[in-house]
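protein-v9.pdb, holding PDB, C-alpha atoms and all ligand atoms:
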ATOM      1  CA  MET A   1      -0.473   1.829  29.981  1.00  0.00           C
ATOM      2  CA  SER A   2       2.715   3.791  30.527  1.00  0.00           C
ATOM      3  CA  ASP A   3       5.162   5.508  28.186  1.00  0.00           C
ATOM      4  CA  GLN A   4       2.594   6.112  25.439  1.00  0.00           C
ATOM      5  CA  VAL A   5       4.164   7.209  22.165  1.00  0.00           C
ATOM      6  CA  VAL A   6       2.679   8.815  19.055  1.00  0.00           C
ATOM      7  CA  PHE A   7       3.696   7.738  15.547  1.00  0.00           C
ATOM      8  CA  GLU A   8       5.315  10.233  13.235  1.00  0.00           C
ATOM      9  CA  ALA A   9       6.833   9.127   9.925  1.00  0.00           C
ATOM     10  CA  SER A  10      10.597   9.712   9.730  1.00  0.00           C
ATOM     11  CA  PRO A  11      11.962  12.200   7.177  1.00  0.00           C
ATOM     12  CA  GLU A  12      13.433   9.209   5.323  1.00  0.00           C
ATOM     13  CA  ALA A  13      10.034   7.483   5.140  1.00  0.00           C
ATOM     14  CA  LYS A  14       8.366  10.715   4.052  1.00  0.00           C
ATOM     15  CA  GLY A  15      10.981  11.169   1.331  1.00  0.00           C
ATOM     16  CA  LYS A  16      10.447   7.666   0.036  1.00  0.00           C
ATOM     17  CA  ALA A  17       6.669   8.109   0.172  1.00  0.00           C
ATOM     18  CA  LYS A  18       6.992  11.313  -1.832  1.00  0.00           C
ATOM     19  CA  GLN A  19       8.965   9.466  -4.513  1.00  0.00           C
ATOM     20  CA  PHE A  20       6.365   6.699  -4.710  1.00  0.00           C
ATOM     21  CA  ARG A  21       3.573   9.273  -4.969  1.00  0.00           C
ATOM     22  CA  LEU A  22       5.342  11.126  -7.764  1.00  0.00           C
ATOM     23  CA  ILE A  23       5.767   7.944  -9.807  1.00  0.00           C
ATOM     24  CA  ALA A  24       2.148   7.001  -9.047  1.00  0.00           C
ATOM     25  CA  VAL A  25       0.898  10.340 -10.372  1.00  0.00           C
ATOM     26  CA  LEU A  26       3.077   9.915 -13.452  1.00  0.00           C
ATOM     27  CA  ALA A  27       1.617   6.436 -14.084  1.00  0.00           C
ATOM     28  CA  TRP A  28      -1.906   7.823 -13.704  1.00  0.00           C
ATOM     29  CA  LEU A  29      -1.157  10.679 -16.093  1.00  0.00           C
ATOM     30  CA  LEU A  30       0.106   8.172 -18.669  1.00  0.00           C
ATOM     31  CA  ALA A  31      -3.031   6.078 -18.123  1.00  0.00           C
ATOM     32  CA  MET A  32      -5.172   9.174 -18.755  1.00  0.00           C
ATOM     33  CA  ALA A  33      -3.177  10.031 -21.880  1.00  0.00           C
ATOM     34  CA  GLY A  34      -3.665   6.464 -23.062  1.00  0.00           C
ATOM     35  CA  GLN A  35      -7.369   6.770 -22.478  1.00  0.00           C
ATOM     36  CA  VAL A  36      -7.601  10.008 -24.472  1.00  0.00           C
ATOM     37  CA  TYR A  37      -5.702   8.361 -27.318  1.00  0.00           C
ATOM     38  CA  ALA A  38      -7.996   5.321 -27.200  1.00  0.00           C
ATOM     39  CA  ILE A  39     -11.096   7.527 -27.281  1.00  0.00           C
ATOM     40  CA  LEU A  40      -9.853   9.635 -30.183  1.00  0.00           C
ATOM     41  CA  LYS A  41      -8.184   6.988 -32.334  1.00  0.00           C
ATOM     42  CA  LEU A  42      -9.186   3.468 -31.430  1.00  0.00           C
ATOM     43  CA  ILE A  43     -12.965   3.254 -31.181  1.00  0.00           C
ATOM     44  CA  SER A  44     -13.771   1.637 -34.521  1.00  0.00           C
ATOM     45  CA  ASP A  45     -14.421  -1.831 -35.907  1.00  0.00           C
ATOM     46  CA  ASP A  46     -10.998  -1.903 -37.604  1.00  0.00           C
ATOM     47  CA  THR A  47      -8.992  -1.099 -34.494  1.00  0.00           C
ATOM     48  CA  LEU A  48     -10.695  -3.391 -31.976  1.00  0.00           C
ATOM     49  CA  VAL A  49      -7.514  -5.366 -31.275  1.00  0.00           C
ATOM     50  CA  MET A  50      -5.512  -2.181 -30.758  1.00  0.00           C
ATOM     51  CA  LEU A  51      -8.240  -0.881 -28.472  1.00  0.00           C
ATOM     52  CA  ILE A  52      -8.030  -4.010 -26.321  1.00  0.00           C
ATOM     53  CA  VAL A  53      -4.233  -3.706 -26.179  1.00  0.00           C
ATOM     54  CA  ALA A  54      -4.636  -0.062 -25.106  1.00  0.00           C
ATOM     55  CA  ILE A  55      -7.099  -1.076 -22.368  1.00  0.00           C
ATOM     56  CA  VAL A  56      -4.591  -3.613 -21.007  1.00  0.00           C
ATOM     57  CA  VAL A  57      -1.784  -1.015 -21.043  1.00  0.00           C
ATOM     58  CA  ILE A  58      -4.007   1.550 -19.285  1.00  0.00           C
ATOM     59  CA  LEU A  59      -4.956  -1.061 -16.688  1.00  0.00           C
ATOM     60  CA  ILE A  60      -1.304  -1.903 -15.983  1.00  0.00           C
ATOM     61  CA  LEU A  61      -0.517   1.809 -15.571  1.00  0.00           C
ATOM     62  CA  ALA A  62      -3.502   2.383 -13.281  1.00  0.00           C
ATOM     63  CA  ILE A  63      -2.601  -0.585 -11.062  1.00  0.00           C
ATOM     64  CA  THR A  64       1.080   0.406 -10.972  1.00  0.00           C
ATOM     65  CA  GLY A  65       0.020   3.867  -9.836  1.00  0.00           C
ATOM     66  CA  SER A  66      -2.330   2.682  -7.111  1.00  0.00           C
ATOM     67  CA  THR A  67       0.113   0.047  -5.827  1.00  0.00           C
ATOM     68  CA  LEU A  68       2.802   2.700  -5.361  1.00  0.00           C
ATOM     69  CA  TRP A  69       0.260   5.101  -3.904  1.00  0.00           C
ATOM     70  CA  LYS A  70      -0.769   2.565  -1.267  1.00  0.00           C
ATOM     71  CA  LYS A  71       2.872   1.787  -0.504  1.00  0.00           C
ATOM     72  CA  ALA A  72       3.432   5.502   0.106  1.00  0.00           C
ATOM     73  CA  ASN A  73       0.435   5.647   2.433  1.00  0.00           C
ATOM     74  CA  LYS A  74       1.890   2.802   4.482  1.00  0.00           C
ATOM     75  CA  LEU A  75       5.108   4.754   4.960  1.00  0.00           C
ATOM     76  CA  ASP A  76       3.451   8.109   5.539  1.00  0.00           C
ATOM     77  CA  PRO A  77      -0.167   7.514   6.606  1.00  0.00           C
ATOM     78  CA  ALA A  78      -2.906  10.110   6.908  1.00  0.00           C
ATOM     79  CA  SER A  79      -4.635  10.973  10.173  1.00  0.00           C
ATOM     80  CA  GLU A  80      -8.191   9.871  10.916  1.00  0.00           C
ATOM     81  CA  ALA A  81      -8.660  13.283  12.526  1.00  0.00           C
ATOM     82  CA  GLU A  82      -9.272  14.714   9.045  1.00  0.00           C
ATOM     83  CA  PRO A  83     -11.947  12.383   7.594  1.00  0.00           C
ATOM     84  CA  THR A  84     -12.212  13.931   4.110  1.00  0.00           C
ATOM     85  CA  ARG A  85      -8.500  14.014   3.524  1.00  0.00           C
ATOM     86  CA  PHE A  86      -8.165  10.564   5.061  1.00  0.00           C
ATOM     87  CA  PHE A  87     -10.734   9.139   2.649  1.00  0.00           C
ATOM     88  CA  ILE A  88      -9.341  10.801  -0.468  1.00  0.00           C
ATOM     89  CA  GLN A  89      -5.715   9.967   0.336  1.00  0.00           C
ATOM     90  CA  ASN A  90      -6.474   6.305   0.972  1.00  0.00           C
ATOM     91  CA  GLN A  91      -8.969   5.779  -1.849  1.00  0.00           C
ATOM     92  CA  LEU A  92      -7.309   7.902  -4.535  1.00  0.00           C
ATOM     93  CA  GLY A  93      -6.154   4.718  -6.266  1.00  0.00           C
ATOM     94  CA  ALA A  94      -9.757   3.571  -6.647  1.00  0.00           C
ATOM     95  CA  ILE A  95     -10.891   7.007  -7.807  1.00  0.00           C
ATOM     96  CA  MET A  96      -8.110   7.218 -10.409  1.00  0.00           C
ATOM     97  CA  GLY A  97      -8.711   3.626 -11.474  1.00  0.00           C
ATOM     98  CA  VAL A  98     -12.355   4.372 -12.270  1.00  0.00           C
ATOM     99  CA  LEU A  99     -11.515   7.711 -13.923  1.00  0.00           C
ATOM    100  CA  ALA A 100      -8.968   5.958 -16.144  1.00  0.00           C
ATOM    101  CA  PHE A 101     -11.793   3.991 -17.790  1.00  0.00           C
ATOM    102  CA  LEU A 102     -15.197   5.580 -17.181  1.00  0.00           C
ATOM    103  CA  PRO A 103     -15.046   8.119 -20.058  1.00  0.00           C
ATOM    104  CA  LEU A 104     -13.789   5.384 -22.400  1.00  0.00           C
ATOM    105  CA  VAL A 105     -16.599   3.026 -21.386  1.00  0.00           C
ATOM    106  CA  LEU A 106     -19.176   5.759 -21.985  1.00  0.00           C
ATOM    107  CA  MET A 107     -17.653   6.697 -25.341  1.00  0.00           C
ATOM    108  CA  ILE A 108     -17.680   3.074 -26.501  1.00  0.00           C
ATOM    109  CA  LEU A 109     -21.271   2.483 -25.405  1.00  0.00           C
ATOM    110  CA  THR A 110     -22.594   5.682 -27.006  1.00  0.00           C
ATOM    111  CA  ASN A 111     -20.598   5.373 -30.237  1.00  0.00           C
ATOM    112  CA  LYS A 112     -22.839   5.163 -33.288  1.00  0.00           C
ATOM    113  CA  ASN A 113     -20.205   4.161 -35.853  1.00  0.00           C
ATOM    114  CA  ILE A 114     -19.220   0.774 -34.482  1.00  0.00           C
ATOM    115  CA  SER A 115     -21.015  -2.557 -34.824  1.00  0.00           C
ATOM    116  CA  GLY A 116     -22.956  -4.090 -31.984  1.00  0.00           C
ATOM    117  CA  LYS A 117     -20.374  -6.829 -31.739  1.00  0.00           C
ATOM    118  CA  THR A 118     -17.480  -4.378 -31.364  1.00  0.00           C
ATOM    119  CA  LYS A 119     -19.487  -2.406 -28.850  1.00  0.00           C
ATOM    120  CA  GLY A 120     -20.201  -5.540 -26.836  1.00  0.00           C
ATOM    121  CA  ILE A 121     -16.610  -6.797 -26.810  1.00  0.00           C
ATOM    122  CA  ALA A 122     -14.848  -3.458 -26.265  1.00  0.00           C
ATOM    123  CA  GLY A 123     -17.505  -2.187 -23.859  1.00  0.00           C
ATOM    124  CA  SER A 124     -17.380  -5.217 -21.593  1.00  0.00           C
ATOM    125  CA  ILE A 125     -13.579  -5.438 -21.585  1.00  0.00           C
ATOM    126  CA  ALA A 126     -13.282  -1.737 -20.725  1.00  0.00           C
ATOM    127  CA  ALA A 127     -15.947  -2.074 -18.018  1.00  0.00           C
ATOM    128  CA  LEU A 128     -14.181  -5.096 -16.531  1.00  0.00           C
ATOM    129  CA  ALA A 129     -10.896  -3.190 -16.554  1.00  0.00           C
ATOM    130  CA  MET A 130     -12.615  -0.299 -14.775  1.00  0.00           C
ATOM    131  CA  VAL A 131     -13.897  -2.597 -12.034  1.00  0.00           C
ATOM    132  CA  ALA A 132     -10.483  -4.259 -11.696  1.00  0.00           C
ATOM    133  CA  ALA A 133      -8.701  -0.902 -11.467  1.00  0.00           C
ATOM    134  CA  GLY A 134     -11.255   0.358  -8.961  1.00  0.00           C
ATOM    135  CA  ILE A 135     -11.017  -2.657  -6.674  1.00  0.00           C
ATOM    136  CA  THR A 136      -7.224  -2.950  -6.761  1.00  0.00           C
ATOM    137  CA  GLY A 137      -6.942   0.787  -6.163  1.00  0.00           C
ATOM    138  CA  ALA A 138      -9.186   0.792  -3.098  1.00  0.00           C
ATOM    139  CA  ASP A 139      -7.629   0.368   0.325  1.00  0.00           C
ATOM    140  CA  PHE A 140      -9.929  -1.780   2.433  1.00  0.00           C
ATOM    141  CA  ASP A 141      -7.723  -1.543   5.503  1.00  0.00           C
ATOM    142  CA  PRO A 142      -6.163   1.895   5.201  1.00  0.00           C
ATOM    143  CA  PRO A 143      -3.185   2.715   7.419  1.00  0.00           C
ATOM    144  CA  SER A 144      -3.505   5.690   9.745  1.00  0.00           C
ATOM    145  CA  ILE A 145      -1.385   7.567  12.244  1.00  0.00           C
ATOM    146  CA  GLU A 146      -3.844   6.492  14.936  1.00  0.00           C
ATOM    147  CA  LYS A 147      -3.697   2.794  14.016  1.00  0.00           C
ATOM    148  CA  TYR A 148       0.099   2.866  13.922  1.00  0.00           C
ATOM    149  CA  THR A 149       0.237   4.661  17.262  1.00  0.00           C
ATOM    150  CA  GLU A 150      -2.017   2.058  18.842  1.00  0.00           C
ATOM    151  CA  GLU A 151      -0.050  -0.801  17.316  1.00  0.00           C
ATOM    152  CA  ILE A 152       3.328   0.575  18.442  1.00  0.00           C
ATOM    153  CA  ASN A 153       2.120   1.001  22.013  1.00  0.00           C
ATOM    154  CA  ALA A 154       0.685  -2.524  22.026  1.00  0.00           C
ATOM    155  CA  GLN A 155       3.945  -3.910  20.670  1.00  0.00           C
ATOM    156  CA  ASN A 156       5.993  -1.931  23.183  1.00  0.00           C
ATOM    157  CA  GLU A 157       4.021  -3.462  25.992  1.00  0.00           C
ATOM    158  CA  ALA A 158       4.198  -6.955  24.557  1.00  0.00           C
ATOM    159  CA  ALA A 159       7.954  -6.602  24.032  1.00  0.00           C
ATOM    160  CA  ARG A 160       8.457  -5.480  27.606  1.00  0.00           C
ATOM    161  CA  SER A 161       6.489  -8.440  28.860  1.00  0.00           C
ATOM    162  CA  LEU A 162       9.010 -10.634  27.014  1.00  0.00           C
ATOM    163  CA  ASN A 163      11.850  -8.744  28.663  1.00  0.00           C
ATOM    164  CA  ILE A 164      12.796  -7.240  25.304  1.00  0.00           C
ATOM    165  CA  ASN A 165      14.168  -3.721  25.552  1.00  0.00           C
ATOM    166  CA  SER A 166      11.661  -1.842  23.371  1.00  0.00           C
ATOM    167  CA  ASP A 167      14.171   0.990  22.966  1.00  0.00           C
ATOM    168  CA  ASN A 168      16.855  -1.243  21.528  1.00  0.00           C
ATOM    169  CA  VAL A 169      15.726  -3.437  18.642  1.00  0.00           C
ATOM    170  CA  TYR A 170      17.234  -4.106  15.204  1.00  0.00           C
ATOM    171  CA  TRP A 171      15.964  -4.116  11.649  1.00  0.00           C
ATOM    172  CA  SER A 172      17.236  -4.344   8.087  1.00  0.00           C
ATOM    173  CA  LYS A 173      16.114  -2.102   5.248  1.00  0.00           C
ATOM    174  CA  ALA A 174      14.111  -4.804   3.492  1.00  0.00           C
ATOM    175  CA  GLY A 175      11.484  -6.791   5.348  1.00  0.00           C
ATOM    176  CA  ASN A 176       8.825  -5.627   7.743  1.00  0.00           C
ATOM    177  CA  LYS A 177      10.079  -7.067  11.026  1.00  0.00           C
ATOM    178  CA  TYR A 178      12.196  -5.863  13.878  1.00  0.00           C
ATOM    179  CA  HIS A 179      14.471  -8.123  15.866  1.00  0.00           C
ATOM    180  CA  ALA A 180      15.321  -8.322  19.539  1.00  0.00           C
ATOM    181  CA  TYR A 181      18.762  -9.814  18.847  1.00  0.00           C
ATOM    182  CA  ASP A 182      21.268  -8.542  16.317  1.00  0.00           C
ATOM    183  CA  ASP A 183      22.584 -12.076  15.777  1.00  0.00           C
ATOM    184  CA  CYS A 184      19.164 -13.344  14.616  1.00  0.00           C
ATOM    185  CA  GLN A 185      19.507 -15.635  11.587  1.00  0.00           C
ATOM    186  CA  TYR A 186      17.280 -13.387   9.465  1.00  0.00           C
ATOM    187  CA  ILE A 187      19.463 -10.318   9.760  1.00  0.00           C
ATOM    188  CA  LYS A 188      22.902 -11.904  10.001  1.00  0.00           C
ATOM    189  CA  GLY A 189      25.360 -10.143   7.717  1.00  0.00           C
ATOM    190  CA  LYS A 190      22.864  -7.453   6.690  1.00  0.00           C
ATOM    191  CA  ALA A 191      23.236  -3.727   7.177  1.00  0.00           C
ATOM    192  CA  LEU A 192      21.218  -3.023  10.318  1.00  0.00           C
ATOM    193  CA  SER A 193      19.504  -0.055  11.843  1.00  0.00           C
ATOM    194  CA  SER A 194      18.798  -0.010  15.531  1.00  0.00           C
ATOM    195  CA  GLY A 195      16.605   2.022  17.817  1.00  0.00           C
ATOM    196  CA  SER A 196      13.223   1.798  19.481  1.00  0.00           C
ATOM    197  CA  ILE A 197      10.239  -0.159  18.176  1.00  0.00           C
ATOM    198  CA  LYS A 198       8.691   3.224  17.449  1.00  0.00           C
ATOM    199  CA  ASP A 199      11.743   4.181  15.361  1.00  0.00           C
ATOM    200  CA  SER A 200      11.384   1.025  13.274  1.00  0.00           C
ATOM    201  CA  TRP A 201       7.742   1.874  12.497  1.00  0.00           C
ATOM    202  CA  GLU A 202       8.574   5.456  11.639  1.00  0.00           C
ATOM    203  CA  GLU A 203      11.282   4.358   9.244  1.00  0.00           C
ATOM    204  CA  LYS A 204       9.478   1.444   7.586  1.00  0.00           C
ATOM    205  CA  GLY A 205       5.772   1.900   8.073  1.00  0.00           C
ATOM    206  CA  ILE A 206       4.507  -1.426   9.421  1.00  0.00           C
ATOM    207  CA  SER A 207       7.002  -3.326  11.589  1.00  0.00           C
ATOM    208  CA  GLU A 208       6.457  -6.442  13.688  1.00  0.00           C
ATOM    209  CA  LEU A 209       8.538  -8.563  16.002  1.00  0.00           C
ATOM    210  CA  CYS A 210      10.402 -11.384  14.244  1.00  0.00           C
ATOM    211  CA  LYS A 211       8.978 -14.773  15.249  1.00  0.00           C
ATOM    212  CA  VAL A 212      12.387 -16.341  15.834  1.00  0.00           C
ATOM    213  CA  CYS A 213      13.384 -13.502  18.154  1.00  0.00           C
ATOM    214  CA  ALA A 214       9.999 -13.752  19.881  1.00  0.00           C
ATOM    215  CA  LYS A 215      10.518 -17.454  20.540  1.00  0.00           C
ATOM    216  CA  LYS A 216      14.017 -16.863  21.850  1.00  0.00           C
ATOM    217  CA  ALA A 217      12.796 -14.127  24.167  1.00  0.00           C
ATOM    218  CA  ALA A 218       9.809 -16.222  25.195  1.00  0.00           C
ATOM    219  CA  LYS A 219      12.032 -18.828  26.840  1.00  0.00           C
ATOM    220  CA  SER A 220      12.413 -16.437  29.726  1.00  0.00           C
ATOM    221  CA  ALA A 221       8.857 -15.060  29.685  1.00  0.00           C
ATOM    222  CA  VAL A 222       5.325 -15.998  30.727  1.00  0.00           C
ATOM    223  CA  PRO A 223       3.605 -18.273  28.116  1.00  0.00           C
ATOM    224  CA  ALA A 224       0.294 -16.367  28.029  1.00  0.00           C
ATOM    225  CA  GLU A 225       2.008 -13.182  26.999  1.00  0.00           C
ATOM    226  CA  VAL A 226       4.060 -15.023  24.420  1.00  0.00           C
ATOM    227  CA  LYS A 227       0.949 -16.142  22.581  1.00  0.00           C
ATOM    228  CA  GLU A 228      -0.316 -12.592  22.461  1.00  0.00           C
ATOM    229  CA  LEU A 229       2.918 -11.399  20.881  1.00  0.00           C
ATOM    230  CA  VAL A 230       3.417 -14.172  18.370  1.00  0.00           C
ATOM    231  CA  ALA A 231      -0.153 -13.963  17.105  1.00  0.00           C
ATOM    232  CA  PRO A 232      -1.114 -10.265  17.136  1.00  0.00           C
ATOM    233  CA  GLU A 233      -4.614  -8.940  16.248  1.00  0.00           C
TER     234      GLU A 233
HETATM  235 ZN    ZN B   1      14.775 -12.028  14.517  1.00  0.00          ZN
END
Translate the structure of the given file into structure tokens.
Ligand SMILES: [Zn+2]
Amino acid sequence: MSDQVVFEASPEAKGKAKQFRLIAVLAWLLAMAGQVYAILKLISDDTLVMLIVAIVVILILAITGSTLWKKANKLDPASEAEPTRFFIQNQLGAIMGVLAFLPLVLMILTNKNISGKTKGIAGSIAALAMVAAGITGADFDPPSIEKYTEEINAQNEAARSLNINSDNVYWSKAGNKYHAYDDCQYIKGKALSSGSIKDSWEEKGISELCKVCAKKAAKSAVPAEVKELVAPE
């Protein structure tokens, strides 16, 4: 193992992550406001339909928030060196998803002015929404600086074994691949960035070698190493 590098998100990636996080927090705040409104105004037999509509809206907001939050974490991951922060940053979507519904669920189940039927319907829908928001908000394979660092070094080595210059690859803004050749069919005519494999990770979060470029490079490389590169993990 030579030329080990350490991942550090680019200022551009950090800026984008910050934007995503801001919108995520806004979505969560709206979800919380929706929950407060539902608790105060919609727990009654007459407003059951409105309550269900509110639960759906809150769920959409909670999932929007956690999806953006996870996207931000991919661009600007936390370090495993700080376990508490690492856990909270990666699982905040799950925490917020549960918090967006738990008080509502409790208020429905303990309400004395609604019928058993209303309680059953509203209570189970709200509880289901809470579970859905919790599960979609959780990150079961959270990104980390350490994981990215390991992955970049592995990809650098694999690229070198294919005779790809790991300091000179290409990528477009969209997509999560980098390319060994700037005339690759997938990036033809697109605005390209170029730099090292490490640069592509720091700008985009996850970045992997394009399969077409891998095959092209593989023609001049050892087959065993090709397999390793084309099917990582
Ligand atoms: Zn390619």
Subject >> Atom pair CA of Ser144 in chain A / CA of Lys204 in chain A: separation (Å) >> reply: 13.8 Å
Please find the residues contacting ligand ZN 1 (chain B) at a distance of at most 10 Å between atoms, with only C-alpha atoms and all ligand atoms counted, and report them as a CSV table (one decimal) with C-alpha atoms, in the coordinates of the input.
chain,number,residue,atom,x,y,z
A,169,VAL,CA,15.7,-3.4,18.6
A,170,TYR,CA,17.2,-4.1,15.2
A,171,TRP,CA,16.0,-4.1,11.6
A,177,LYS,CA,10.1,-7.1,11.0
A,178,TYR,CA,12.2,-5.9,13.9
A,179,HIS,CA,14.5,-8.1,15.9
A,180,ALA,CA,15.3,-8.3,19.5
A,181,TYR,CA,18.8,-9.8,18.8
A,182,ASP,CA,21.3,-8.5,16.3
A,183,ASP,CA,22.6,-12.1,15.8
A,184,CYS,CA,19.2,-13.3,14.6
A,185,GLN,CA,19.5,-15.6,11.6
A,186,TYR,CA,17.3,-13.4,9.5
A,187,ILE,CA,19.5,-10.3,9.8
A,188,LYS,CA,22.9,-11.9,10.0
A,209,LEU,CA,8.5,-8.6,16.0
A,210,CYS,CA,10.4,-11.4,14.2
A,211,LYS,CA,9.0,-14.8,15.2
A,212,VAL,CA,12.4,-16.3,15.8
A,213,CYS,CA,13.4,-13.5,18.2
A,214,ALA,CA,10.0,-13.8,19.9
A,215,LYS,CA,10.5,-17.5,20.5
A,216,LYS,CA,14.0,-16.9,21.8
Please give the centre and size of the box around range 174-190 of chain A (axis-aligned, containing every atom listed in the file, 8 Å added per side), with values in Å to one decimal and written as JSON.
{"center_x": 17.1, "center_y": -10.2, "center_z": 11.5, "size_x": 32.5, "size_y": 26.8, "size_z": 32.0}
Subject >> Result set, the PyMOL selection byres (((chain A and resi 100-108) around 7) and not hetatm) on current file, as a ChimeraX atom specification >> reply: /A:31-32,35,39,43,96-99,109-111,119,123,126-127,130
Original post:
Hey, can you check how far CA of Ala94 in chain A sits from CA of Ile152 in chain A?
Top reply: 28.5 Å
Original post:
Rounded to one decimal in Å, what is the spacing between CA of Leu51 in chain A and CA of Thr64 in chain A?
Top reply: 19.9 Å
**OP:** Have a look at A:Phe20, A:Ile125, A:Lys117, A:Ala132 and name the one nearest to Ile60 in chain A; count all atoms listed in the file.
**Re:**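 That would be A:Ala132, the residue with the smallest distance to Ile60 in chain A.
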The PyMOL selection byres (((chain A and resi 74) around 9) and not hetatm) - which residues does that actually catch in the file I just gave you? List them as a JSON list (two decimals) with C-alpha atoms, in the coordinates of the input.
[["chain", "number", "residue", "atom", "x", "y", "z"],
["A", 17, "ALA", "CA", 6.67, 8.11, 0.17],
["A", 69, "TRP", "CA", 0.26, 5.10, -3.90],
["A", 70, "LYS", "CA", -0.77, 2.56, -1.27],
["A", 71, "LYS", "CA", 2.87, 1.79, -0.50],
["A", 72, "ALA", "CA", 3.43, 5.50, 0.11],
["A", 73, "ASN", "CA", 0.44, 5.65, 2.43],
["A", 75, "LEU", "CA", 5.11, 4.75, 4.96],
["A", 76, "ASP", "CA", 3.45, 8.11, 5.54],
["A", 77, "PRO", "CA", -0.17, 7.51, 6.61],
["A", 142, "PRO", "CA", -6.16, 1.90, 5.20],
["A", 143, "PRO", "CA", -3.18, 2.72, 7.42],
["A", 144, "SER", "CA", -3.50, 5.69, 9.74],
["A", 204, "LYS", "CA", 9.48, 1.44, 7.59],
["A", 205, "GLY", "CA", 5.77, 1.90, 8.07],
["A", 206, "ILE", "CA", 4.51, -1.43, 9.42]]
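Minimum atom-to-atom distance to Ser79 in chain A, evaluated using only C-alpha atoms, belongs to A:Lys147 out of A:Arg160, A:Lys219, A:Lys147, A:Lys16.
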Subject >> Nearest candidate to Thr149 in chain A (options A:Ile114, A:Leu92, A:Glu80, A:Ala218; using only C-alpha atoms) >> reply: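 The answer is A:Glu80, which sits nearest to Thr149 in chain A.
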Would you please take range 101-113 of chain A of the structure in the block above and write C-alpha atoms to a file as an mmCIF file, in the first residue's frame?
data_model
loop_
_atom_site.group_PDB
_atom_site.id
_atom_site.type_symbol
_atom_site.label_atom_id
_atom_site.label_comp_id
_atom_site.auth_asym_id
_atom_site.auth_seq_id
_atom_site.Cartn_x
_atom_site.Cartn_y
_atom_site.Cartn_z
ATOM 1 C CA PHE A 101 -45.441 11.069 15.084
ATOM 2 C CA LEU A 102 -44.868 9.772 18.615
ATOM 3 C CA PRO A 103 -46.671 12.620 20.454
ATOM 4 C CA LEU A 104 -49.569 12.372 17.988
ATOM 5 C CA VAL A 105 -49.847 8.607 18.473
ATOM 6 C CA LEU A 106 -49.888 9.047 22.251
ATOM 7 C CA MET A 107 -52.460 11.842 22.070
ATOM 8 C CA ILE A 108 -54.753 9.750 19.870
ATOM 9 C CA LEU A 109 -54.486 6.669 22.080
ATOM 10 C CA THR A 110 -55.109 8.580 25.321
ATOM 11 C CA ASN A 111 -57.909 10.779 23.962
ATOM 12 C CA LYS A 112 -61.161 10.278 25.846
ATOM 13 C CA ASN A 113 -63.475 12.175 23.486
#
